[in-house]
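Worksheet for the structure shown next.
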Amino acid sequence: MQRDEQRGVTLEEMLQARENRAAQQRAMQKCHPGALLVSFTLNIPGAVKRFPEAVRAFAEGCRRIERELSREGAVVSQRWRQQPVTGCEAIWAVRGCDPLLLKERMCAVEDGSRMGRLFDIDLIDSQGKGISRSRLGLPPRRCLLCGEPAHQCARSQAHPAEQLQAAVRRIIREEFLEQRADAVAAAACRALLYEVSATPKPGLVDRANNGSHRDMDFFTFLDSTAALVPYFGRLFLAGADAAAEQPQRLLSRVRYPGLLAQDAMFKATGGVNTHKGLVFSLGLLCAAAGYSEANGLPQDVHALLGLCGRIVSDAAQQELSRAAADGGQTHGEQIYAAAGIAGVRGEAAAGFPSVERFGLPALRKFLAQGMSLNDAGSLTLLVLLGQVDDTNMIARGGLEVWREIRKMIARRMDSPPFPDRPEIERLDREFIHRNLSPGGCADLLAMTYMLYFLEQEKESENGVFSPS
């Protein structure tokens with residue numbers, strides 16, 4: 001963006017920009033006779049028309065317009081875009097769609113979200129005449145602040161420009177935060193579904209059996225996941241709301257939303273603990289993503305997991321110190337007091353190194369070999385089983401049994417050929433017979449899935465069309 005991005009523009013400059021845009025429209029209609037034109041600008045009050053938030057909103061508006069053109073089967077003959085100091089603007093020359101139906105679609109883009117209120121999408125027919133909202137029986141656009149017809153407030157200058165521009169920035173910021181919260185929450189819930197669905201998984205609930213569990217099955221996990229859907233988004237927004245605070249303060253801000261998520265889980269499952277550990281781990285990851293988004297911080301795997309560690313490290317060390325002093329209350333704390341194995345608290349405090357060092361590299365490798373997400377997930381679980389001290393396994397079978405099993409699996413996963421489905425099913429039967437269940441590694445597998453999904457989403461975003 002040019003250096004004068006914050007410069008206010010004069011009325012003369014705005015009038016000239018309008019005339020230049022009209023000339024561009026005439027030129028495009030001359031080159032594409034009979035085409036409809038879709039003209040897009042932003043309703044930005046005040047003298048400053050181009051600033052980073054506005055440019056981002058404009059790019060999102062272009063994507064939404066493109067989606068609707070594609071949905072309607074429109075053939076785009078030409079795309080034109082520029083971002084002068086007088087404001088971002090784009091024009092599409094299109095064919096193959098009904099003008100009134102296309103106008104209806106563009107009005108839906110304008111009216112379909114809070115940020116859409118900033119979009120000004122005009123449809124110009126092949127004769128150079130605009131198609132108005134009134135032709136569709138739609139009401140006029142409303143003021144951002146008071147809800148009255150926007151043209152009345154603009155004509156009477158009912159609101160200070162500074163107040164209107166603050167509202168614009170707030171609308172854009174909140175829209176993108178909520179959009180990102182939805183995407184991160186979707187990745188979290190998808191990870192829960194893929195983790196329980198990956199089959200076979202030794203000792204764990206999957207699509208084939210209940211593993212070493214008598215109080216839960218595959219559908220218990222589906223009920224739990226459905227109940228958790230809204231809470232991961234709320235944890236993301238809680239992280240964003242705490243953007244001005246130090247990371248260590250974030251844990252206290254997200255603790256209560258996390259407890260509400262646990263309550264929802266227990267209500268959905270009739271008191272069965274399906275996802276308590278993942279409410280903590282994935283909830284922490286969601287909050288870290290929200291904090292990073294609001295602060296403009298990097299959101300790659302290493303950065304997000306490192307932030308998770310900074311958020312919980314102090315609290316985790318305090319809890320582990322208390323457990324060492326009093327013997328601990330939970331199974332995990334008792335194992336730490338007896339053997340110094342920190343479990344999920346240690347993983348979280350260190351930034352989940354097992355996910356970054358073992359889980360994600362393994363999943364990527366197996367997928368690169370052409371495996372399905374299911375089969376890659378089954379083998380990734382085994383990789384984690386060979387590398388991680390799983391306190392669930394220790395609590396069920398004892399430390400010596402666990403060390404023996406971990407060493408055996410680590411040797412087996414040291415080199416290909418890797419275990420096939422029948423071999424993993426045999427291990428599943430052995431775990432069930434011995435009442436063993438690697439719940440800690442299952443949680444790390446879910447985190448691995450979530451981070452992989454976020455990576456894929458980022459790659460997909462980088463490939464979206466940007467008009468030129």
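Going by the structure tokens order, chains are called A, B, ..., each with residues numbered from 1, while ligands are numbered from 1 in the order shown.
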Could you pull out the alpha helix (DSSP H) residues of segment 117-357 of chain A, going by DSSP on the backbone, and write them as a ChimeraX atom specification? /A:150-156,161-197,218-241,247-269,276-295,301-326,331-339,343-349,353-354
Dump as a compact mmCIF listing (two decimals), in the first residue's frame, selection limited to C-alpha atoms:
# COMPACT_ATOMS: atom_id res chain seq x y z
CA ALA A 150 -28.50 6.04 5.17
CA HIS A 151 -29.03 8.70 2.51
CA GLN A 152 -31.02 10.84 4.97
CA CYS A 153 -28.29 10.71 7.61
CA ALA A 154 -25.62 11.43 5.00
CA ARG A 155 -27.53 14.40 3.58
CA SER A 156 -28.14 15.94 7.02
CA ALA A 161 -17.44 11.39 10.62
CA GLU A 162 -15.07 10.21 13.38
CA GLN A 163 -17.89 8.31 15.04
CA LEU A 164 -18.95 6.71 11.77
CA GLN A 165 -15.41 5.70 10.87
CA ALA A 166 -14.89 4.18 14.32
CA ALA A 167 -18.05 2.13 13.70
CA VAL A 168 -16.68 1.03 10.31
CA ARG A 169 -13.40 -0.18 11.83
CA ARG A 170 -15.26 -1.97 14.64
CA ILE A 171 -17.62 -3.72 12.19
CA ILE A 172 -14.73 -4.93 10.04
CA ARG A 173 -12.67 -6.08 13.02
CA GLU A 174 -15.56 -7.97 14.63
CA GLU A 175 -16.63 -9.57 11.35
CA PHE A 176 -13.19 -11.01 10.68
CA LEU A 177 -12.73 -12.12 14.28
CA GLU A 178 -16.04 -13.97 14.24
CA GLN A 179 -15.27 -15.44 10.83
CA ARG A 180 -11.94 -16.73 12.12
CA ALA A 181 -13.54 -17.99 15.33
CA ASP A 182 -15.97 -20.06 13.28
CA ALA A 183 -13.15 -21.50 11.18
CA VAL A 184 -11.01 -22.42 14.19
CA ALA A 185 -13.99 -23.92 16.03
CA ALA A 186 -14.87 -25.95 12.93
CA ALA A 187 -11.31 -27.31 12.80
CA ALA A 188 -11.51 -28.24 16.49
CA CYS A 189 -14.82 -30.07 16.12
CA ARG A 190 -13.65 -31.76 12.93
CA ALA A 191 -10.57 -32.94 14.83
CA LEU A 192 -12.78 -34.49 17.55
CA LEU A 193 -14.80 -36.32 14.90
CA TYR A 194 -11.75 -37.59 13.03
CA GLU A 195 -10.03 -38.73 16.22
CA VAL A 196 -12.95 -40.89 17.37
CA SER A 197 -13.62 -42.08 13.79
CA PHE A 218 -18.88 -44.02 19.26
CA PHE A 219 -22.21 -42.22 19.55
CA THR A 220 -21.37 -40.91 23.03
CA PHE A 221 -18.47 -39.09 21.39
CA LEU A 222 -20.72 -37.73 18.65
CA ASP A 223 -23.13 -36.38 21.27
CA SER A 224 -20.26 -34.79 23.15
CA THR A 225 -18.79 -33.20 20.02
CA ALA A 226 -22.15 -31.73 19.02
CA ALA A 227 -22.49 -30.17 22.48
CA LEU A 228 -19.01 -28.61 22.27
CA VAL A 229 -19.46 -26.97 18.84
CA PRO A 230 -20.26 -23.43 20.11
CA TYR A 231 -17.73 -23.37 22.93
CA PHE A 232 -14.56 -23.56 20.86
CA GLY A 233 -15.59 -20.39 19.03
CA ARG A 234 -16.28 -18.70 22.37
CA LEU A 235 -12.83 -19.70 23.62
CA PHE A 236 -11.28 -18.19 20.50
CA LEU A 237 -13.15 -14.91 21.11
CA ALA A 238 -12.18 -14.97 24.80
CA GLY A 239 -8.54 -15.16 23.70
CA ALA A 240 -9.12 -12.26 21.33
CA ASP A 241 -10.81 -10.20 24.05
CA PRO A 247 -0.28 -14.43 27.75
CA GLN A 248 -0.01 -15.72 31.32
CA ARG A 249 -3.21 -13.86 32.20
CA LEU A 250 -5.14 -15.57 29.44
CA LEU A 251 -5.67 -18.81 31.38
CA SER A 252 -7.87 -17.12 33.96
CA ARG A 253 -9.90 -15.49 31.17
CA VAL A 254 -10.69 -18.78 29.44
CA ARG A 255 -11.16 -20.95 32.52
CA TYR A 256 -14.86 -20.17 32.94
CA PRO A 257 -15.81 -20.73 29.25
CA GLY A 258 -13.89 -24.00 29.53
CA LEU A 259 -15.93 -25.03 32.57
CA LEU A 260 -19.13 -24.23 30.69
CA ALA A 261 -17.92 -26.46 27.85
CA GLN A 262 -17.30 -29.29 30.32
CA ASP A 263 -20.80 -28.83 31.74
CA ALA A 264 -22.25 -29.10 28.23
CA MET A 265 -20.22 -32.25 27.59
CA PHE A 266 -21.37 -33.96 30.79
CA LYS A 267 -24.97 -33.01 30.12
CA ALA A 268 -24.82 -34.46 26.60
CA THR A 269 -23.17 -37.71 27.71
CA LYS A 276 -12.50 -33.25 29.32
CA GLY A 277 -8.84 -33.39 28.37
CA LEU A 278 -9.54 -32.03 24.91
CA VAL A 279 -11.74 -29.24 26.23
CA PHE A 280 -8.52 -28.13 27.92
CA SER A 281 -6.06 -28.85 25.08
CA LEU A 282 -8.11 -27.82 22.06
CA GLY A 283 -9.74 -25.00 24.04
CA LEU A 284 -6.29 -23.70 24.89
CA LEU A 285 -5.31 -23.89 21.23
CA CYS A 286 -8.47 -21.99 20.22
CA ALA A 287 -7.78 -19.27 22.80
CA ALA A 288 -4.17 -18.98 21.62
CA ALA A 289 -5.40 -18.60 18.02
CA GLY A 290 -7.81 -15.84 19.08
CA TYR A 291 -5.10 -14.01 21.04
CA SER A 292 -2.73 -14.27 18.06
CA GLU A 293 -5.37 -13.10 15.57
CA ALA A 294 -6.27 -10.05 17.64
CA ASN A 295 -2.61 -9.10 18.11
CA VAL A 301 2.15 -24.42 14.28
CA HIS A 302 5.32 -23.50 16.17
CA ALA A 303 4.03 -20.05 17.13
CA LEU A 304 0.61 -21.28 18.29
CA LEU A 305 1.98 -24.16 20.35
CA GLY A 306 4.65 -21.93 21.85
CA LEU A 307 1.95 -19.46 22.89
CA CYS A 308 -0.02 -22.31 24.48
CA GLY A 309 3.06 -23.05 26.56
CA ARG A 310 3.43 -19.44 27.69
CA ILE A 311 -0.24 -19.29 28.65
CA VAL A 312 -0.18 -22.32 30.97
CA SER A 313 3.44 -22.75 32.06
CA ASP A 314 3.21 -20.87 35.37
CA ALA A 315 -0.06 -22.49 36.42
CA ALA A 316 1.11 -25.94 35.36
CA GLN A 317 4.30 -25.66 37.37
CA GLN A 318 2.36 -24.56 40.43
CA GLU A 319 -0.02 -27.52 40.13
CA LEU A 320 2.82 -29.98 39.67
CA SER A 321 4.71 -28.53 42.64
CA ARG A 322 1.61 -28.98 44.83
CA ALA A 323 1.20 -32.55 43.56
CA ALA A 324 4.83 -33.32 44.42
CA ALA A 325 4.29 -31.94 47.91
CA ASP A 326 0.96 -33.57 48.82
CA HIS A 331 -4.42 -39.94 38.67
CA GLY A 332 -2.17 -37.64 36.66
CA GLU A 333 -0.98 -35.75 39.74
CA GLN A 334 -0.33 -39.00 41.64
CA ILE A 335 1.74 -40.35 38.76
CA TYR A 336 3.76 -37.13 38.74
CA ALA A 337 4.30 -37.35 42.50
CA ALA A 338 5.43 -40.98 42.23
CA ALA A 339 7.38 -41.03 38.96
CA GLY A 343 1.39 -35.80 31.61
CA VAL A 344 -0.82 -33.28 29.84
CA ARG A 345 0.27 -30.45 32.17
CA GLY A 346 3.88 -30.95 31.19
CA GLU A 347 2.96 -31.25 27.51
CA ALA A 348 0.96 -28.04 27.62
CA ALA A 349 3.60 -26.12 29.59
CA PRO A 353 6.28 -30.78 21.80
CA SER A 354 4.96 -34.29 21.09
Next item on the list: Write down as a ChimeraX atom specification the residues belonging to segment 103-268 of chain A that are assigned strand (DSSP E) by DSSP computed on the backbone.
Entry: /A:119-124,130-131
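Taking atom CA of Pro45 of chain A and atom CA of Leu69 of chain A as endpoints, the distance between them is 27.8 Å.
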Can you tell me, as a PyMOL selection string, what residues are no more than 8 Å from segment 128-132 of chain A when counting only C-alpha atoms, ignoring any on the same chain fewer than 5 positions away?
chain A and resi 26+29+100+103+122-123
Selected residues, N, CA, C and O atoms, written as a PDB file, in the first residue's frame, please.
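Writing the result to part_33.pdb gives the following:
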ATOM      1  N   ARG A  26     -17.796   2.649 -19.041  1.00  0.00           N
ATOM      2  CA  ARG A  26     -18.143   2.842 -20.456  1.00  0.00           C
ATOM      3  C   ARG A  26     -17.172   2.082 -21.364  1.00  0.00           C
ATOM      4  O   ARG A  26     -17.573   1.466 -22.371  1.00  0.00           O
ATOM      5  N   GLN A  29     -17.998  -1.646 -21.252  1.00  0.00           N
ATOM      6  CA  GLN A  29     -19.204  -1.972 -22.016  1.00  0.00           C
ATOM      7  C   GLN A  29     -18.954  -1.873 -23.520  1.00  0.00           C
ATOM      8  O   GLN A  29     -19.549  -2.615 -24.300  1.00  0.00           O
ATOM      9  N   LEU A 100     -32.112  -9.068 -13.031  1.00  0.00           N
ATOM     10  CA  LEU A 100     -32.806  -8.884 -11.754  1.00  0.00           C
ATOM     11  C   LEU A 100     -32.385  -9.936 -10.737  1.00  0.00           C
ATOM     12  O   LEU A 100     -32.234  -9.641  -9.539  1.00  0.00           O
ATOM     13  N   LYS A 103     -29.002  -8.915  -9.505  1.00  0.00           N
ATOM     14  CA  LYS A 103     -29.133  -7.795  -8.562  1.00  0.00           C
ATOM     15  C   LYS A 103     -29.595  -8.318  -7.203  1.00  0.00           C
ATOM     16  O   LYS A 103     -29.093  -7.871  -6.159  1.00  0.00           O
ATOM     17  N   ASP A 122     -23.197  -2.024  -7.242  1.00  0.00           N
ATOM     18  CA  ASP A 122     -24.132  -1.543  -8.255  1.00  0.00           C
ATOM     19  C   ASP A 122     -24.160  -2.515  -9.432  1.00  0.00           C
ATOM     20  O   ASP A 122     -23.108  -3.060  -9.821  1.00  0.00           O
ATOM     21  N   LEU A 123     -25.338  -2.712  -9.990  1.00  0.00           N
ATOM     22  CA  LEU A 123     -25.475  -3.526 -11.202  1.00  0.00           C
ATOM     23  C   LEU A 123     -25.938  -2.607 -12.333  1.00  0.00           C
ATOM     24  O   LEU A 123     -26.944  -1.907 -12.205  1.00  0.00           O
TER      25      LEU A 123
END
- Message: So that I can check the surroundings of segment 205-212 of chain A, please list as an MDAnalysis selection string every protein, DNA and RNA residue that reaches within 10 Å of it, counting only C-alpha atoms and ignoring chain neighbours fewer than 2 positions away.
- Response: chainID A and resid 194:203 214:221 274 425 428:439 442
Let's have the selection written as a tab-separated table (two decimals), in the first residue's frame, with C-alpha atoms.
chain	number	residue	atom	x	y	z
A	194	TYR	CA	-11.75	-37.59	13.03
A	195	GLU	CA	-10.03	-38.73	16.22
A	196	VAL	CA	-12.95	-40.89	17.37
A	197	SER	CA	-13.62	-42.08	13.79
A	198	ALA	CA	-10.05	-43.19	13.05
A	199	THR	CA	-10.18	-47.00	13.07
A	200	PRO	CA	-8.61	-49.15	14.37
A	201	LYS	CA	-7.18	-47.50	17.51
A	202	PRO	CA	-5.86	-49.88	20.18
A	203	GLY	CA	-7.89	-49.69	23.39
A	214	ARG	CA	-17.70	-49.80	29.21
A	215	ASP	CA	-19.38	-46.44	29.79
A	216	MET	CA	-19.07	-44.89	26.33
A	217	ASP	CA	-19.30	-45.72	22.63
A	218	PHE	CA	-18.88	-44.02	19.26
A	219	PHE	CA	-22.21	-42.22	19.55
A	220	THR	CA	-21.37	-40.91	23.03
A	221	PHE	CA	-18.47	-39.09	21.39
A	274	THR	CA	-15.45	-38.16	26.80
A	425	GLU	CA	-6.55	-54.85	15.26
A	428	ASP	CA	-6.46	-53.48	19.88
A	429	ARG	CA	-7.62	-56.88	21.15
A	430	GLU	CA	-4.57	-57.12	23.40
A	431	PHE	CA	-5.19	-53.66	24.88
A	432	ILE	CA	-8.85	-54.50	25.48
A	433	HIS	CA	-7.89	-57.78	27.16
A	434	ARG	CA	-5.47	-55.92	29.45
A	435	ASN	CA	-7.91	-52.99	29.99
A	436	LEU	CA	-5.45	-50.47	28.53
A	437	SER	CA	-6.49	-47.23	26.83
A	438	PRO	CA	-4.07	-44.54	25.58
A	439	GLY	CA	-6.37	-41.57	26.16
A	442	ALA	CA	-5.68	-39.91	21.59
Atom pair atom CA of Pro33 of chain A + atom CA of Glu66 of chain A, distance 21.1 Å
Query raised in the report: Which of these residues is nearest to Ala446 of chain A, using only C-alpha atoms: A:Asn392, A:Ser134, A:Thr380, A:Ser415?
Result: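 Going through A:Asn392, A:Ser134, A:Thr380, A:Ser415 one by one, the smallest distance to Ala446 of chain A is for A:Thr380.
For the atom pair formed by atom CA of Ala376 of chain A and atom CA of Ala362 of chain A, the distance is 8.0 Å, given to one decimal.
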- request: Give the answer as one residue: which of A:Cys88, A:Ser460, A:Asn43, A:Ala27 has the shortest atom-to-atom distance to Arg56 of chain A, using only C-alpha atoms?
  value: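 Ranked by minimum distance to Arg56 of chain A, first place goes to A:Cys88.
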Counting only C-alpha atoms, closest pick from A:Arg141, A:Gly46, A:Ile394, A:Asp98 relative to His159 of chain A is A:Gly46
Inset, instruction - Skip Trp92 of chain A itself and residues of its chain fewer than 6 positions away, then list as number ranges by chain all residues within 8 Å of it, counting only C-alpha atoms. - result: A: 37-39, 76-80
